[in-house]
file final-v7.cif (mmCIF, C-alpha atoms and all ligand atoms)
data_run
loop_
_atom_site.group_PDB
_atom_site.id
_atom_site.type_symbol
_atom_site.label_atom_id
_atom_site.label_comp_id
_atom_site.auth_asym_id
_atom_site.auth_seq_id
_atom_site.Cartn_x
_atom_site.Cartn_y
_atom_site.Cartn_z
ATOM 1 C CA MET A 1 -91.939 288.711 163.854
ATOM 2 C CA THR A 2 -92.214 285.136 165.151
ATOM 3 C CA GLU A 3 -93.247 282.702 162.430
ATOM 4 C CA SER A 4 -95.774 279.880 162.758
ATOM 5 C CA PRO A 5 -94.205 276.429 163.220
ATOM 6 C CA PRO A 6 -95.287 273.549 160.945
ATOM 7 C CA ARG A 7 -98.722 272.144 161.835
ATOM 8 C CA VAL A 8 -99.782 268.492 162.050
ATOM 9 C CA LEU A 9 -103.383 267.323 162.387
ATOM 10 C CA THR A 10 -104.086 264.181 164.409
ATOM 11 C CA ILE A 11 -107.432 262.463 163.833
ATOM 12 C CA ALA A 12 -107.583 260.287 166.937
ATOM 13 C CA GLY A 13 -109.102 259.406 170.304
ATOM 14 C CA SER A 14 -108.456 260.662 173.828
ATOM 15 C CA ASP A 15 -106.818 258.533 176.549
ATOM 16 C CA SER A 16 -107.853 259.883 179.960
ATOM 17 C CA GLY A 17 -104.729 258.302 181.467
ATOM 18 C CA GLY A 18 -102.607 260.541 179.255
ATOM 19 C CA GLY A 19 -100.442 257.701 177.937
ATOM 20 C CA ALA A 20 -101.644 257.138 174.365
ATOM 21 C CA GLY A 21 -104.058 258.700 171.884
ATOM 22 C CA ILE A 22 -104.145 262.456 171.311
ATOM 23 C CA GLN A 23 -102.279 263.044 174.558
ATOM 24 C CA ALA A 24 -99.278 261.080 173.230
ATOM 25 C CA ASP A 25 -99.656 262.719 169.832
ATOM 26 C CA LEU A 26 -99.658 266.295 171.170
ATOM 27 C CA ARG A 27 -96.799 265.574 173.566
ATOM 28 C CA THR A 28 -94.729 264.135 170.716
ATOM 29 C CA LEU A 29 -95.552 266.925 168.271
ATOM 30 C CA PHE A 30 -94.626 269.492 170.921
ATOM 31 C CA ALA A 31 -91.317 267.697 171.554
ATOM 32 C CA CYS A 32 -90.663 267.772 167.790
ATOM 33 C CA GLY A 33 -91.248 271.529 167.633
ATOM 34 C CA VAL A 34 -94.492 271.216 165.677
ATOM 35 C CA HIS A 35 -97.939 272.673 166.441
ATOM 36 C CA GLY A 36 -100.509 269.870 166.888
ATOM 37 C CA CYS A 37 -104.185 270.224 165.881
ATOM 38 C CA VAL A 38 -106.831 267.623 166.776
ATOM 39 C CA ALA A 39 -109.931 266.120 165.178
ATOM 40 C CA LEU A 40 -111.198 264.108 168.165
ATOM 41 C CA THR A 41 -112.906 260.801 167.254
ATOM 42 C CA ALA A 42 -113.692 259.275 170.649
ATOM 43 C CA VAL A 43 -113.289 259.733 174.378
ATOM 44 C CA THR A 44 -111.972 256.631 176.119
ATOM 45 C CA VAL A 45 -112.344 256.024 179.847
ATOM 46 C CA GLN A 46 -108.872 254.661 180.422
ATOM 47 C CA ASN A 47 -106.095 254.267 182.970
ATOM 48 C CA SER A 48 -102.917 252.214 183.151
ATOM 49 C CA LEU A 49 -105.008 249.035 183.569
ATOM 50 C CA GLY A 50 -107.053 249.398 180.384
ATOM 51 C CA VAL A 51 -110.112 250.924 178.721
ATOM 52 C CA THR A 52 -113.459 250.681 180.543
ATOM 53 C CA GLY A 53 -115.589 252.906 178.341
ATOM 54 C CA VAL A 54 -115.706 254.536 174.912
ATOM 55 C CA SER A 55 -117.890 257.410 173.789
ATOM 56 C CA GLU A 56 -117.706 258.189 170.068
ATOM 57 C CA ILE A 57 -117.822 261.700 168.693
ATOM 58 C CA PRO A 58 -120.550 262.096 166.011
ATOM 59 C CA ALA A 59 -119.040 261.427 162.565
ATOM 60 C CA ASP A 60 -120.063 264.805 161.135
ATOM 61 C CA THR A 61 -118.342 266.550 164.060
ATOM 62 C CA VAL A 62 -115.124 264.655 163.275
ATOM 63 C CA ALA A 63 -115.297 265.760 159.632
ATOM 64 C CA ALA A 64 -116.124 269.344 160.637
ATOM 65 C CA GLN A 65 -113.049 269.513 162.892
ATOM 66 C CA ILE A 66 -110.809 268.491 159.970
ATOM 67 C CA ILE A 67 -112.279 271.105 157.645
ATOM 68 C CA SER A 68 -112.263 273.858 160.297
ATOM 69 C CA VAL A 69 -108.591 273.309 161.172
ATOM 70 C CA VAL A 70 -107.283 273.036 157.630
ATOM 71 C CA GLU A 71 -109.278 275.922 156.175
ATOM 72 C CA ASP A 72 -107.963 278.379 158.767
ATOM 73 C CA ILE A 73 -104.732 277.058 160.299
ATOM 74 C CA GLY A 74 -103.488 274.847 157.464
ATOM 75 C CA VAL A 75 -101.473 271.676 158.061
ATOM 76 C CA GLN A 76 -98.340 270.239 156.418
ATOM 77 C CA ALA A 77 -99.089 266.632 157.479
ATOM 78 C CA ALA A 78 -101.911 264.624 159.078
ATOM 79 C CA LYS A 79 -102.167 261.300 160.856
ATOM 80 C CA THR A 80 -104.866 258.997 162.139
ATOM 81 C CA GLY A 81 -105.026 257.027 165.385
ATOM 82 C CA MET A 82 -108.167 255.507 166.920
ATOM 83 C CA LEU A 83 -111.022 255.953 164.424
ATOM 84 C CA ALA A 84 -113.597 253.876 166.359
ATOM 85 C CA SER A 85 -116.204 253.152 163.673
ATOM 86 C CA ALA A 86 -116.999 252.735 159.983
ATOM 87 C CA ALA A 87 -119.259 255.815 160.159
ATOM 88 C CA ILE A 88 -116.327 257.977 161.299
ATOM 89 C CA ILE A 89 -114.026 256.642 158.549
ATOM 90 C CA GLU A 90 -116.768 257.214 155.957
ATOM 91 C CA ALA A 91 -117.049 260.848 157.102
ATOM 92 C CA VAL A 92 -113.281 261.407 157.348
ATOM 93 C CA ALA A 93 -112.463 260.257 153.777
ATOM 94 C CA PRO A 94 -114.451 262.954 151.904
ATOM 95 C CA ALA A 95 -113.314 265.616 154.402
ATOM 96 C CA LEU A 96 -109.677 264.707 153.602
ATOM 97 C CA ASP A 97 -110.395 265.013 149.872
ATOM 98 C CA ARG A 98 -112.044 268.389 150.370
ATOM 99 C CA VAL A 99 -108.994 269.860 152.150
ATOM 100 C CA GLY A 100 -106.294 268.097 150.091
ATOM 101 C CA ILE A 101 -104.922 265.676 152.665
ATOM 102 C CA GLY A 102 -103.546 262.364 151.339
ATOM 103 C CA SER A 103 -103.937 261.016 147.775
ATOM 104 C CA GLY A 104 -100.512 262.421 146.827
ATOM 105 C CA LYS A 105 -101.165 265.876 148.328
ATOM 106 C CA THR A 106 -100.505 266.788 152.005
ATOM 107 C CA PRO A 107 -98.675 263.785 153.575
ATOM 108 C CA PHE A 108 -101.085 261.487 155.392
ATOM 109 C CA VAL A 109 -100.003 258.774 157.857
ATOM 110 C CA VAL A 110 -102.551 256.065 158.683
ATOM 111 C CA ASP A 111 -101.811 254.263 161.942
ATOM 112 C CA PRO A 112 -104.499 251.546 161.791
ATOM 113 C CA VAL A 113 -105.131 251.400 165.553
ATOM 114 C CA SER A 114 -107.446 248.480 166.291
ATOM 115 C CA ALA A 115 -106.950 247.553 169.945
ATOM 116 C CA SER A 116 -105.079 248.709 173.024
ATOM 117 C CA MET A 117 -102.225 246.621 174.353
ATOM 118 C CA HIS A 118 -104.663 245.313 176.985
ATOM 119 C CA GLY A 119 -106.813 243.962 174.156
ATOM 120 C CA ASN A 120 -109.558 246.568 174.428
ATOM 121 C CA GLN A 121 -111.149 247.131 171.030
ATOM 122 C CA LEU A 122 -110.627 250.632 169.575
ATOM 123 C CA LEU A 123 -112.013 249.951 166.074
ATOM 124 C CA ALA A 124 -115.294 248.163 165.333
ATOM 125 C CA ASP A 125 -114.954 244.828 163.482
ATOM 126 C CA ASN A 126 -117.158 246.109 160.664
ATOM 127 C CA ALA A 127 -114.856 249.123 160.134
ATOM 128 C CA LEU A 128 -112.006 247.089 158.591
ATOM 129 C CA ASP A 129 -113.464 247.303 155.080
ATOM 130 C CA ALA A 130 -113.724 251.095 155.362
ATOM 131 C CA LEU A 131 -110.162 251.296 156.687
ATOM 132 C CA ARG A 132 -108.834 249.175 153.792
ATOM 133 C CA GLY A 133 -111.018 250.669 151.071
ATOM 134 C CA LEU A 134 -111.215 254.353 152.059
ATOM 135 C CA LEU A 135 -108.061 255.198 154.010
ATOM 136 C CA PHE A 136 -105.306 252.926 152.692
ATOM 137 C CA PRO A 137 -105.585 254.198 149.081
ATOM 138 C CA ARG A 138 -105.304 257.806 150.349
ATOM 139 C CA ALA A 139 -102.323 257.155 152.649
ATOM 140 C CA THR A 140 -98.752 258.313 152.131
ATOM 141 C CA LEU A 141 -97.703 255.747 154.755
ATOM 142 C CA VAL A 142 -99.477 253.071 156.808
ATOM 143 C CA THR A 143 -97.889 251.902 160.078
ATOM 144 C CA PRO A 144 -99.501 248.643 161.286
ATOM 145 C CA ASN A 145 -98.144 246.493 164.083
ATOM 146 C CA LEU A 146 -98.320 242.722 163.609
ATOM 147 C CA ASP A 147 -101.742 242.346 165.267
ATOM 148 C CA GLU A 148 -103.108 244.956 162.876
ATOM 149 C CA VAL A 149 -101.395 243.223 159.928
ATOM 150 C CA ARG A 150 -103.257 240.010 160.825
ATOM 151 C CA LEU A 151 -106.612 241.803 161.067
ATOM 152 C CA ILE A 152 -106.134 243.701 157.798
ATOM 153 C CA THR A 153 -104.504 241.017 155.603
ATOM 154 C CA GLY A 154 -105.093 237.726 157.421
ATOM 155 C CA ILE A 155 -101.303 237.152 157.400
ATOM 156 C CA GLU A 156 -99.759 235.854 160.632
ATOM 157 C CA VAL A 157 -96.213 237.255 160.693
ATOM 158 C CA LYS A 158 -93.807 234.971 162.572
ATOM 159 C CA ASP A 159 -90.492 235.884 160.975
ATOM 160 C CA ARG A 160 -88.791 238.337 158.640
ATOM 161 C CA VAL A 161 -89.876 236.416 155.531
ATOM 162 C CA ASP A 162 -93.560 236.696 156.532
ATOM 163 C CA GLN A 163 -92.948 240.380 157.274
ATOM 164 C CA ARG A 164 -91.992 240.979 153.609
ATOM 165 C CA VAL A 165 -95.008 239.041 152.354
ATOM 166 C CA ALA A 166 -97.235 241.166 154.601
ATOM 167 C CA ALA A 167 -95.631 244.395 153.348
ATOM 168 C CA GLU A 168 -96.458 243.383 149.757
ATOM 169 C CA ALA A 169 -100.058 242.527 150.667
ATOM 170 C CA LEU A 170 -100.514 245.845 152.473
ATOM 171 C CA HIS A 171 -98.949 247.812 149.620
ATOM 172 C CA ALA A 172 -101.418 246.191 147.219
ATOM 173 C CA LEU A 173 -104.218 247.955 149.156
ATOM 174 C CA GLY A 174 -103.013 251.299 147.779
ATOM 175 C CA PRO A 175 -100.775 253.257 150.189
ATOM 176 C CA GLU A 176 -97.581 254.804 148.785
ATOM 177 C CA TRP A 177 -95.452 253.342 151.586
ATOM 178 C CA VAL A 178 -95.914 250.613 154.193
ATOM 179 C CA LEU A 179 -94.085 250.307 157.523
ATOM 180 C CA VAL A 180 -94.583 246.835 159.027
ATOM 181 C CA LYS A 181 -93.510 247.258 162.658
ATOM 182 C CA GLY A 182 -91.703 244.239 164.050
ATOM 183 C CA GLY A 183 -91.946 245.059 167.746
ATOM 184 C CA HIS A 184 -94.435 242.212 168.323
ATOM 185 C CA MET A 185 -92.134 239.613 166.683
ATOM 186 C CA TRP A 186 -91.141 238.399 170.103
ATOM 187 C CA ASP A 187 -88.687 235.696 168.971
ATOM 188 C CA ASP A 188 -86.572 238.331 167.250
ATOM 189 C CA PRO A 189 -83.839 239.810 169.470
ATOM 190 C CA GLU A 190 -84.178 243.127 167.620
ATOM 191 C CA CYS A 191 -87.189 245.287 166.781
ATOM 192 C CA LEU A 192 -86.911 245.194 162.991
ATOM 193 C CA ASP A 193 -89.306 247.543 161.193
ATOM 194 C CA LEU A 194 -89.683 247.046 157.442
ATOM 195 C CA LEU A 195 -90.394 249.945 155.077
ATOM 196 C CA TYR A 196 -91.640 249.213 151.545
ATOM 197 C CA ASP A 197 -92.819 251.307 148.594
ATOM 198 C CA GLY A 198 -93.595 248.540 146.111
ATOM 199 C CA ARG A 199 -89.997 248.493 144.839
ATOM 200 C CA GLU A 200 -87.459 248.453 147.638
ATOM 201 C CA PHE A 201 -87.409 246.959 151.141
ATOM 202 C CA ILE A 202 -85.670 249.157 153.718
ATOM 203 C CA GLU A 203 -84.832 247.366 156.985
ATOM 204 C CA LEU A 204 -84.782 249.499 160.124
ATOM 205 C CA PRO A 205 -83.330 247.505 163.018
ATOM 206 C CA GLY A 206 -83.516 248.785 166.582
ATOM 207 C CA PRO A 207 -82.851 247.568 170.114
ATOM 208 C CA ARG A 208 -85.470 245.693 172.128
ATOM 209 C CA TYR A 209 -85.786 247.084 175.661
ATOM 210 C CA ASP A 210 -86.855 245.044 178.650
ATOM 211 C CA THR A 211 -89.719 247.280 179.791
ATOM 212 C CA GLN A 212 -93.426 246.719 180.188
ATOM 213 C CA ASN A 213 -94.026 250.457 179.864
ATOM 214 C CA THR A 214 -94.737 250.809 176.150
ATOM 215 C CA HIS A 215 -98.196 252.370 176.231
ATOM 216 C CA GLY A 216 -98.615 254.902 173.417
ATOM 217 C CA SER A 217 -95.595 253.700 171.463
ATOM 218 C CA GLY A 218 -97.460 253.374 168.145
ATOM 219 C CA ASP A 219 -98.967 256.853 168.490
ATOM 220 C CA THR A 220 -95.576 258.346 169.394
ATOM 221 C CA LEU A 221 -93.933 256.731 166.360
ATOM 222 C CA ALA A 222 -96.643 257.852 163.894
ATOM 223 C CA SER A 223 -96.658 261.382 165.359
ATOM 224 C CA SER A 224 -92.885 261.810 165.189
ATOM 225 C CA ILE A 225 -92.901 260.544 161.578
ATOM 226 C CA SER A 226 -95.699 263.035 160.782
ATOM 227 C CA ALA A 227 -93.726 265.854 162.406
ATOM 228 C CA ALA A 228 -90.750 265.114 160.142
ATOM 229 C CA LEU A 229 -93.019 264.910 157.074
ATOM 230 C CA SER A 230 -94.512 268.306 157.971
ATOM 231 C CA ARG A 231 -90.986 269.739 157.753
ATOM 232 C CA GLY A 232 -90.567 268.378 154.236
ATOM 233 C CA ALA A 233 -88.652 265.154 154.945
ATOM 234 C CA SER A 234 -89.011 262.265 152.490
ATOM 235 C CA VAL A 235 -90.817 259.171 153.804
ATOM 236 C CA PRO A 236 -87.578 257.174 154.419
ATOM 237 C CA GLU A 237 -86.011 260.193 156.164
ATOM 238 C CA ALA A 238 -89.141 260.739 158.280
ATOM 239 C CA VAL A 239 -89.368 257.062 159.252
ATOM 240 C CA ARG A 240 -85.679 257.016 160.274
ATOM 241 C CA PHE A 241 -86.315 260.116 162.398
ATOM 242 C CA GLY A 242 -89.408 258.477 163.926
ATOM 243 C CA LYS A 243 -87.554 255.230 164.625
ATOM 244 C CA ASP A 244 -84.809 257.111 166.462
ATOM 245 C CA PHE A 245 -87.466 259.096 168.327
ATOM 246 C CA ILE A 246 -89.408 256.005 169.479
ATOM 247 C CA VAL A 247 -86.261 254.126 170.534
ATOM 248 C CA ARG A 248 -85.313 257.022 172.807
ATOM 249 C CA SER A 249 -88.915 257.328 174.032
ATOM 250 C CA VAL A 250 -89.102 253.644 174.982
ATOM 251 C CA ALA A 251 -85.737 253.938 176.751
ATOM 252 C CA ALA A 252 -87.207 256.844 178.782
ATOM 253 C CA ALA A 253 -90.584 255.147 179.526
ATOM 254 C CA TYR A 254 -91.822 255.514 183.099
ATOM 255 C CA PRO A 255 -94.181 253.587 185.397
ATOM 256 C CA LEU A 256 -97.661 254.992 186.014
ATOM 257 C CA GLY A 257 -100.510 253.506 188.064
ATOM 258 C CA ALA A 258 -100.708 249.767 188.744
ATOM 259 C CA GLY A 259 -100.532 248.741 185.076
ATOM 260 C CA VAL A 260 -98.656 249.794 181.960
ATOM 261 C CA GLY A 261 -96.792 253.091 181.889
ATOM 262 C CA PRO A 262 -96.231 255.280 178.822
ATOM 263 C CA VAL A 263 -93.248 255.867 176.593
ATOM 264 C CA SER A 264 -91.818 259.321 177.131
ATOM 265 C CA PRO A 265 -90.824 261.810 174.424
ATOM 266 C CA PHE A 266 -88.785 263.759 176.990
ATOM 267 C CA TRP A 267 -85.250 262.463 177.461
HETATM 268 N N1 LIG A 301 -106.178 254.559 173.636
HETATM 269 C C1 LIG A 301 -106.202 255.367 172.588
HETATM 270 C C2 LIG A 301 -107.176 256.502 172.590
HETATM 271 C C3 LIG A 301 -105.332 255.137 171.529
HETATM 272 O O1 LIG A 301 -105.374 255.936 170.450
HETATM 273 C C4 LIG A 301 -104.426 254.061 171.566
HETATM 274 C C5 LIG A 301 -103.495 253.794 170.484
HETATM 275 O O2 LIG A 301 -103.490 254.420 169.473
HETATM 276 C C6 LIG A 301 -104.442 253.246 172.658
HETATM 277 C C7 LIG A 301 -105.315 253.528 173.673
HETATM 278 C C8 LIG A 301 -103.582 252.046 172.758
HETATM 279 O O3 LIG A 301 -102.284 252.308 172.918
HETATM 280 P P1 LIG A 301 -101.375 251.054 173.306
HETATM 281 O O4 LIG A 301 -101.541 250.048 172.223
HETATM 282 O O5 LIG A 301 -100.016 251.642 173.310
HETATM 283 O O6 LIG A 301 -101.866 250.574 174.629
#
call {"tool": "encode", "arguments": {"input": "final-v7.cif", "output": "structure tokens"}}
result
Amino acid sequence: MTESPPRVLTIAGSDSGGGAGIQADLRTLFACGVHGCVALTAVTVQNSLGVTGVSEIPADTVAAQIISVVEDIGVQAAKTGMLASAAIIEAVAPALDRVGIGSGKTPFVVDPVSASMHGNQLLADNALDALRGLLFPRATLVTPNLDEVRLITGIEVKDRVDQRVAAEALHALGPEWVLVKGGHMWDDPECLDLLYDGREFIELPGPRYDTQNTHGSGDTLASSISAALSRGASVPEAVRFGKDFIVRSVAAAYPLGAGVGPVSPFW
């Protein structure tokens, strides 16, 4: 009899252009041989030029999706993407506790998505406290880019020394592991991501590609890491897998529409 593959739950928003959000998550999970489940948080009206509308899903519906999926299907890892509002985060946190996601139980990756690469806001300003106070302490791993680091900690990362200071500040908010992504450190010839668990810094260098088509890269990284965690990988193993996965996906990115095209998990 055919067995069920590992399952990963993504708690995230939809991108109608199919480049980022749950579309990137499901594509990546499929490419990693994992079944993806979704707790949808918001519908964005979006194409390659940006986001022109957002419609939030009611917070209790987001929580109900999490409970429904886990109680029947069961998941071996979960991740967040766009969470839109404080009300949604406040509903998600107790739902996670109820089904045993995060807080040292089922691995839980928090990708603190705050804005699209076009600068469109995907998280309300007043939701940062809920993100820091309710999700970071439950997280196995948080994966901020440098814009998100600035919003969450106030630290402006300009070089690799600042990157370490930021990792310490983020770890103090309670996650087990922190991955400070260096892709936005434009002066650096490499994309150096820094992984930290409060004891050891692990540097993950990677090539920087000359492409403008990087839409959905954060989602693809967090999803591929979650897929590896769902198969029982340790956090450093899963992050190395995810880093390799995103490097290949950026190398295979394709143009779409008149704006920014997506990274591709199919090589
Ligand atoms: N739209 C949605 C629904 C997303 O979840 C995200 C990122 O998580 C984005 C847009 C932005 O992606 P990017 O920063 O790659 O443009």
call {"tool": "residues_near_ligand", "arguments": {"input": "final-v7.cif", "ligand": "ligand LIG 301 (chain A)", "cutoff": "10 Å", "atoms": "all atoms listed in the file", "output": "ChimeraX atom specification"}}
result
/A:11-25,40-51,54,80-84,111-123,145,213-220,222,260-263
call {"tool": "atom_distance", "arguments": {"input": "final-v7.cif", "atom1": "CA of Val110 in chain A", "atom2": "CA of Gly183 in chain A"}}
result
17.8 Å
call {"tool": "closest_residue", "arguments": {"input": "final-v7.cif", "among": "A:Ala127, A:Leu9, A:Gly259, A:Ser223", "to": "Ala31 in chain A", "atoms": "all atoms listed in the file"}}
result
A:Ser223
call {"tool": "residues_near_point", "arguments": {"input": "final-v7.cif", "point": "(-96.6, 271.0, 167.3)", "cutoff": "12 Å", "atoms": "all atoms listed in the file", "output": "number ranges by chain"}}
result
A: 4-10, 24-38, 75-78, 223-224, 226-228, 230-231
call {"tool": "closest_residue", "arguments": {"input": "final-v7.cif", "among": "A:Asp244, A:Glu56, A:Asp193, A:Glu71", "to": "Lys181 in chain A", "atoms": "all atoms listed in the file"}}
result
A:Asp193
call {"tool": "atom_distance", "arguments": {"input": "final-v7.cif", "atom1": "CA of Leu141 in chain A", "atom2": "CA of Tyr196 in chain A"}}
result
9.5 Å
call {"tool": "resolve_selection", "arguments": {"input": "final-v7.cif", "expression": "the PyMOL selection byres (((chain A and resi 170) around 12) and not hetatm)", "output": "number ranges by chain"}}
result
A: 112, 131-133, 136-137, 139, 141-146, 148-155, 163-169, 171-180, 194-198
call {"tool": "write_last_selection", "arguments": {"input": "final-v7.cif", "atoms": "C-alpha atoms", "output": "compact mmCIF listing (two decimals), in the frame of the given file"}}
result
# COMPACT_ATOMS: atom_id res chain seq x y z
CA PRO A 112 -104.50 251.55 161.79
CA LEU A 131 -110.16 251.30 156.69
CA ARG A 132 -108.83 249.18 153.79
CA GLY A 133 -111.02 250.67 151.07
CA PHE A 136 -105.31 252.93 152.69
CA PRO A 137 -105.58 254.20 149.08
CA ALA A 139 -102.32 257.15 152.65
CA LEU A 141 -97.70 255.75 154.76
CA VAL A 142 -99.48 253.07 156.81
CA THR A 143 -97.89 251.90 160.08
CA PRO A 144 -99.50 248.64 161.29
CA ASN A 145 -98.14 246.49 164.08
CA LEU A 146 -98.32 242.72 163.61
CA GLU A 148 -103.11 244.96 162.88
CA VAL A 149 -101.40 243.22 159.93
CA ARG A 150 -103.26 240.01 160.82
CA LEU A 151 -106.61 241.80 161.07
CA ILE A 152 -106.13 243.70 157.80
CA THR A 153 -104.50 241.02 155.60
CA GLY A 154 -105.09 237.73 157.42
CA ILE A 155 -101.30 237.15 157.40
CA GLN A 163 -92.95 240.38 157.27
CA ARG A 164 -91.99 240.98 153.61
CA VAL A 165 -95.01 239.04 152.35
CA ALA A 166 -97.24 241.17 154.60
CA ALA A 167 -95.63 244.40 153.35
CA GLU A 168 -96.46 243.38 149.76
CA ALA A 169 -100.06 242.53 150.67
CA HIS A 171 -98.95 247.81 149.62
CA ALA A 172 -101.42 246.19 147.22
CA LEU A 173 -104.22 247.96 149.16
CA GLY A 174 -103.01 251.30 147.78
CA PRO A 175 -100.78 253.26 150.19
CA GLU A 176 -97.58 254.80 148.78
CA TRP A 177 -95.45 253.34 151.59
CA VAL A 178 -95.91 250.61 154.19
CA LEU A 179 -94.08 250.31 157.52
CA VAL A 180 -94.58 246.84 159.03
CA LEU A 194 -89.68 247.05 157.44
CA LEU A 195 -90.39 249.94 155.08
CA TYR A 196 -91.64 249.21 151.54
CA ASP A 197 -92.82 251.31 148.59
CA GLY A 198 -93.60 248.54 146.11
call {"tool": "resolve_selection", "arguments": {"input": "final-v7.cif", "expression": "the PyMOL selection byres (((chain A and resi 99) around 9) and not hetatm)", "output": "PDB file with C-alpha atoms, in the coordinates of the input"}}
result
ATOM      1  CA  ILE A  66    -110.809 268.491 159.970  1.00  0.00           C
ATOM      2  CA  ILE A  67    -112.279 271.105 157.645  1.00  0.00           C
ATOM      3  CA  VAL A  70    -107.283 273.036 157.630  1.00  0.00           C
ATOM      4  CA  GLU A  71    -109.278 275.922 156.175  1.00  0.00           C
ATOM      5  CA  PRO A  94    -114.451 262.954 151.904  1.00  0.00           C
ATOM      6  CA  ALA A  95    -113.314 265.616 154.402  1.00  0.00           C
ATOM      7  CA  LEU A  96    -109.677 264.707 153.602  1.00  0.00           C
ATOM      8  CA  ASP A  97    -110.395 265.013 149.872  1.00  0.00           C
ATOM      9  CA  ARG A  98    -112.044 268.389 150.370  1.00  0.00           C
ATOM     10  CA  GLY A 100    -106.294 268.097 150.091  1.00  0.00           C
ATOM     11  CA  ILE A 101    -104.922 265.676 152.665  1.00  0.00           C
TER      12      ILE A 101
END
